[in-house]
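Q: Okay, handing you the structure first.
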Amino acid sequence: MTFWRNQKIRGWLYQFAALLLVALCVAVLADNTLENMRTRGIQSGFGFLSQPAGFDISESLFGFESTQPYWQAFLTGLGNTLKVALIGIILTTILGVLLGVGRFSQNILIRGLCLTYVEIFRNIPLLLQLLMWYLVCVEWLPTAREAEPFLGIYLTKAGLALPWFGDVPVKAGFGIKGGVTLSPEFFALLLGLTIYTASYIAEIVRSGIASVPRGQLEAALSLGLSRAQTMRLIQLPQALRVIIPPLTNQYLNLTKNSSLAVAVGYPELVSIANTSINQTGRAVECIAVIMAVYLTLSLLTSVLMNAYNRRAAIKER
Amino acid sequence: MLNNTRIRQLAGVALCLTAVALPAHAGKTLDTIKSRGELVCGVNVALAGFSAADSEGKWSGLDVDYCKALAAAILSDANKVKYVPLNAQQRFTALQSGEIDILSRNTTWTLTRDASLGANFVGTIYYDGQGFMVKKELKIASAKELNGATVCTQSGTTTEKNLTDYARANKLDIKPLVFEKNEAATGAYHSGRCEAYTTDASGLAAERTIAKNPDEHLILPEIISKEPLGPLVRRGDDEFFAISKWVLNALIEGEEYGLTQANLDEKKTSDDPNIQRILGTAEDMGTLLGLDKEWAYRALKATGNYGEIFERNVGKNSPLKLERGLNKLWNQGGILYAPPIR
Ligand SMILES: N[C@@H](CCC(=O)N[C@@H](CS)C(=O)NCC(=O)O)C(=O)O
């Protein structure tokens with residue numbers, strides 16, 4: 001058999017040719033873009049990243065001053081993205097699993113409630129849900145000036161202010177000073193992402209559990225395990241390998257959906273990039289940064305979840 | 001199952017940008033407009049007095065009238081304009097990618113924009129400045145009292161940086177809350193999430209007129225920046241750039257020489273050489289621009305002179321009731337000064 005007839009080698013060659021073609025297209029497109037931008041007098045380059053940003057950011061994990069450079073503004077935005085995504089993923093997993101398991105409850109009320117939840121929140125566009133939660137936060141809560149503390153906690157239009165290691169929030173001027181504050185923008189986004197994504201996770205968990213053969217349930221029950229024990233020890237662990245791949249998808253979705261935050265004023269990565277695009281005119285560059293960051297986050301999530309999936313997979317013996 | 005409008009929007013922007021990736025066509029904007037029979041004008045989505053569509057989809061406003069005058073000068077018909085509503089964020093990309101011929105959308109002339117966007121500012125159609133609006137119940141009389149306040153604004157505008165500069169210069173602790181949509185920014189202000197809303201003073205006046213109870217809101221006296229608003233065209237087409245500039249100048253000169261929509265035809269018999277040049281009754285100035293001698297007559301006939309446009313859309317004959325202020329002619333105490341049509 002000659003070299004060309006070898007299936008495997010031919011496969012590799014085809015893939016290599018395809019890759020080369022794609023790379024060539026990208027290169028031509030990039031070159032053309034740069035050339036056209038130059039002839040049209042549109043400036044380009046990443047040099048602006050080290051210039052002072054000149055704008056303030058309403059919330060940040062480690063503090064941000066307008067004199068700091070753009071790249072630090074981007075980092076601040078990324079920090080805000082990660083903050084809402086990580087907390088959101090944890091909360092939505094808990095909620096989603098509870099809802100999914102609830103669909104197998106003996107209690108018809110619980111089953112019905114879980115089903116209703118899924119049907120409602122899965123079918124309303126996320127953007128609307130975010131706007132609704134935000135409206136609830138800023139319309140119904142009192143202003144900081146009118147508010148009275150409850151156990152040292154303030155819940156106002158300015159957010160949720162909690163005492164933190166003896167640092168008790170107090171009214172000051174227009175707002176609340178001291179303690180830790182969760183802004184209504186963060187809160188609305190977190191709530192929206194968690195509740196929306198949980199409706200999908202619930203379905204994933206439900207179908208995962210349903211995929212476990214009924215014999216397993218019957219065997220466990222006849223061994224004298226309770227319903228709850230059966231779910232926890234027999235059904236869920238076996239369902240995991242069906243659940244994890246689509247769950248990864250939902251985690252990625254949640255992270256990407258956090259970019260809807262611009263609608264409710266939460267300063268995450270895309271919001272910071274928007275401001276930077278406007279101030280510097282470097283649209284291509286800022287969008288490239290956004291794409292690179294989301295790609296990295298997605299790949300990272302996939303890698304982690306795949307590793308976990310390998311551990312959860314049934315070991316064939 | 002990528003259920004993500006935001007990413008899709010970004011993809012849209014990216015797609016627009018790939019339009020830049022296609023080979024550049026030598027820009028004879030004037031020919032394109034003539035063969036298309038239509039001027040494509042980027043305007044604000046909704047800003048009372050500057051650019052807004054009524055229930056029948058008819059556009060009006062100061063920025064819109066400029067487009068009409070331009071269309072009248074080029075195409076002899078002020079109605080041959082296609083309006084493309086753009087938010088703050090999209091406006092420059094739309095111009096760069098060739099989606100619009102001209103951007104007439106309360107856009108501030110700054111060095112960064114002039115030098116790095118591949119666009120040229122045609123001139124200033126409205127001298128503005130950034131201010132603050134607060135609810136009267138806060139009992140604030142000056143922007144200096146905004147220490148500790150949260151201020152709502154729209155992203156993609158010059159306002160964020162001005163606000164930060166002002167806060168730093170006056171040692172005020174101000175927290176900016178930035179929304180992509182103007183309605184979201186004003187919504188958060190009205191709900192009480194923000195103590196103040198900031199944008200161009202003209203924009204504040206527009207917002208106040210459409211508020212539920214305009215009397216509950218106060219526009220603070222401080223003007224914290226210079227915001228010369230004007231139209232922009234793409235670089236690389238000096239002919240169209242010149243036409244855009246001179247139509248704006250003609251509207252201003254028209255006021256200077258007392259040419260109004262109503263008296264324009266009478267004035268055709270005027271023996272003032274300045275008026276004769278503007279109206280094309282003696283010397284032909286239009287040919288120099290690639291137009292004909294009645295170009296300015298048609299522009300003025302379509303919209304009236306600058307003063308008429310101002311009063312009708314944002315001045316005393318409008319709900320906004322803005323003062324002419326800086327936007328008076330140079331010989332009447334303002335800074336509006338058009339180079340001569342000569
Ligand atoms: N002149 C400023 C601000 C222009 C601007 O976009 N203003 C806002 C607030 S008045 C606006 O018109 N928003 C209307 C919208 O996007 O719907 C600039 O050029 O950046």
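To be explicit about the labels: the chains of the structure tokens are called A, B, and onward in the order shown, and within each one the residues are counted from 1, while ligands get numbers from 1 in the order they are shown.
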So that I can check the surroundings of region 213-222 of chain B, please list as a PyMOL selection string every protein, DNA and RNA residue that reaches within 10 Å of it, counting only C-alpha atoms and ignoring chain neighbours fewer than 3 positions away.
A: chain B and resi 129-144+190+196-198+201+204-205+207-210+225
Q: Please, which residues in chain B fall within 7 Å of ligand 1 when counting only C-alpha atoms and all ligand atoms, and what is the closest atom pair and distance in Å to one decimal for each, ordered by chain then residue number, as a Markdown table?
A:
```
| residue | atom | partner | partner_atom_place_in_ligand_line | distance |
| --- | --- | --- | --- | --- |
| B:Asn44 | CA | ligand 1 | 14 (C) | 6.0 |
| B:Val45 | CA | ligand 1 | 17 (O) | 4.8 |
| B:Ala46 | CA | ligand 1 | 17 (O) | 5.3 |
| B:Leu47 | CA | ligand 1 | 12 (O) | 5.7 |
| B:Leu86 | CA | ligand 1 | 16 (O) | 6.9 |
| B:Asn87 | CA | ligand 1 | 16 (O) | 4.0 |
| B:Ala88 | CA | ligand 1 | 6 (O) | 4.5 |
| B:Asn106 | CA | ligand 1 | 1 (N) | 5.3 |
| B:Thr107 | CA | ligand 1 | 19 (O) | 3.4 |
| B:Thr108 | CA | ligand 1 | 19 (O) | 3.8 |
| B:Gln154 | CA | ligand 1 | 9 (C) | 6.3 |
| B:Gly156 | CA | ligand 1 | 20 (O) | 6.4 |
| B:Thr157 | CA | ligand 1 | 20 (O) | 3.2 |
| B:Thr158 | CA | ligand 1 | 20 (O) | 3.9 |
| B:Thr159 | CA | ligand 1 | 20 (O) | 6.4 |
| B:Lys181 | CA | ligand 1 | 16 (O) | 6.0 |
| B:Asn182 | CA | ligand 1 | 15 (C) | 5.0 |
| B:Glu183 | CA | ligand 1 | 17 (O) | 7.0 |
| B:Thr199 | CA | ligand 1 | 9 (C) | 5.5 |
| B:Asp200 | CA | ligand 1 | 10 (S) | 6.0 |
| B:Gly203 | CA | ligand 1 | 10 (S) | 4.0 |
| B:Leu204 | CA | ligand 1 | 10 (S) | 6.6 |
| B:Glu227 | CA | ligand 1 | 1 (N) | 6.0 |
| B:Leu229 | CA | ligand 1 | 1 (N) | 6.2 |
```
Q: With only C-alpha atoms as the counted atoms, please give the residues lying no more than 8 Å from region 320-331 of chain B, apart from itself and same-chain residues fewer than 4 positions off, as a PyMOL selection string.
A: chain B and resi 48-49+126-127+202+205-206+209+252+256+310+313-316+335-337
Q: For chain B, work out the contacting residues on chain A at 7 Å, counting only C-alpha atoms, and write them as an MDAnalysis selection string.
A: chainID A and resid 29 32:33 36 40:43 54:58 138:139 143 157:158 173:175 257 259:260 262:265 274:275 278 280:281
Q: Write out, as a compact mmCIF listing (two decimals), in the first residue's frame, the residues just selected, with N, CA and C atoms.
A:
```
# COMPACT_ATOMS: atom_id res chain seq x y z
N LEU A 29 -7.99 38.42 5.22
CA LEU A 29 -8.99 39.31 5.79
C LEU A 29 -8.34 40.33 6.72
N ASN A 32 -6.22 42.81 4.70
CA ASN A 32 -7.09 43.74 3.99
C ASN A 32 -7.69 44.77 4.94
N THR A 33 -8.12 44.28 6.10
CA THR A 33 -8.72 45.18 7.09
C THR A 33 -7.73 46.26 7.48
N ASN A 36 -7.13 48.67 4.62
CA ASN A 36 -8.26 49.57 4.41
C ASN A 36 -8.39 50.59 5.53
N ARG A 40 -8.24 54.61 5.08
CA ARG A 40 -9.37 55.43 5.49
C ARG A 40 -9.06 56.27 6.73
N GLY A 41 -7.83 56.20 7.18
CA GLY A 41 -7.44 57.03 8.31
C GLY A 41 -8.00 56.56 9.64
N ILE A 42 -8.35 55.27 9.73
CA ILE A 42 -8.79 54.73 11.02
C ILE A 42 -7.56 54.18 11.72
N GLN A 43 -7.27 54.69 12.90
CA GLN A 43 -6.05 54.25 13.57
C GLN A 43 -6.26 52.91 14.25
N GLY A 54 -9.19 57.12 32.19
CA GLY A 54 -9.90 58.39 32.29
C GLY A 54 -11.36 58.29 32.68
N PHE A 55 -11.86 57.07 32.90
CA PHE A 55 -13.24 56.96 33.37
C PHE A 55 -13.29 56.12 34.64
N ASP A 56 -14.33 56.34 35.42
CA ASP A 56 -14.49 55.59 36.65
C ASP A 56 -15.35 54.36 36.42
N ILE A 57 -15.21 53.37 37.29
CA ILE A 57 -16.01 52.16 37.20
C ILE A 57 -16.79 52.04 38.51
N SER A 58 -18.09 51.81 38.41
CA SER A 58 -18.93 51.92 39.61
C SER A 58 -18.63 50.86 40.66
N VAL A 138 -34.88 48.49 41.79
CA VAL A 138 -34.76 49.94 41.92
C VAL A 138 -36.10 50.65 42.07
N GLU A 139 -37.21 49.99 41.71
CA GLU A 139 -38.49 50.66 41.89
C GLU A 139 -39.05 50.45 43.29
N THR A 143 -35.23 54.53 48.99
CA THR A 143 -33.95 55.17 48.75
C THR A 143 -33.13 55.09 50.03
N LYS A 157 -32.28 51.12 47.32
CA LYS A 157 -32.02 51.26 45.89
C LYS A 157 -30.53 51.24 45.60
N ALA A 158 -29.73 51.59 46.62
CA ALA A 158 -28.28 51.60 46.42
C ALA A 158 -27.69 50.21 46.62
N GLY A 173 -24.63 61.03 53.55
CA GLY A 173 -24.98 61.82 52.36
C GLY A 173 -26.11 61.17 51.59
N PHE A 174 -25.84 60.87 50.30
CA PHE A 174 -26.89 60.28 49.47
C PHE A 174 -26.99 58.78 49.67
N GLY A 175 -25.93 58.15 50.15
CA GLY A 175 -25.91 56.70 50.13
C GLY A 175 -25.64 56.08 51.48
N ASN A 257 -23.79 34.90 28.74
CA ASN A 257 -24.97 35.73 28.94
C ASN A 257 -24.72 36.87 29.92
N SER A 259 -22.82 39.03 29.63
CA SER A 259 -22.55 40.25 28.87
C SER A 259 -23.82 41.06 28.63
N LEU A 260 -24.99 40.48 28.93
CA LEU A 260 -26.23 41.27 28.84
C LEU A 260 -26.27 42.34 29.93
N VAL A 262 -24.84 45.01 30.29
CA VAL A 262 -24.85 46.41 29.86
C VAL A 262 -26.26 46.99 29.95
N ALA A 263 -27.26 46.11 29.89
CA ALA A 263 -28.64 46.60 29.95
C ALA A 263 -29.00 47.09 31.34
N VAL A 264 -28.36 46.51 32.36
CA VAL A 264 -28.69 46.91 33.72
C VAL A 264 -27.53 47.63 34.40
N GLY A 265 -26.58 48.09 33.63
CA GLY A 265 -25.55 48.96 34.18
C GLY A 265 -24.48 48.30 35.04
N ASN A 274 -17.13 48.46 25.73
CA ASN A 274 -17.97 49.45 25.05
C ASN A 274 -17.45 50.86 25.29
N THR A 275 -17.22 51.15 26.55
CA THR A 275 -16.72 52.49 26.89
C THR A 275 -15.37 52.74 26.23
N ASN A 278 -15.59 53.44 22.55
CA ASN A 278 -16.05 54.79 22.29
C ASN A 278 -14.96 55.83 22.52
N THR A 280 -11.66 55.42 22.52
CA THR A 280 -10.44 55.29 21.75
C THR A 280 -10.70 55.06 20.27
N GLY A 281 -11.91 54.65 19.93
CA GLY A 281 -12.22 54.34 18.54
C GLY A 281 -11.63 53.01 18.08
```
Q: Identify, on the basis of only C-alpha atoms, every residue whose closest approach to Val170 (chain A) does not exceed 12 Å; exclude the query and any residue fewer than 6 positions from it along the same chain; express the result as JSON, numbers by chain.
A: {"A": [144, 145, 147, 148, 149, 150, 151, 152, 153, 154, 155, 161, 162, 163, 176, 177, 178, 179, 180, 181]}
Q: Within 9 Å of Glu253 (chain B), counting only C-alpha atoms, which residues qualify if same-chain residues fewer than 6 places away don't, as a ChimeraX atom specification?
A: /B:259,278,305-306,337-341
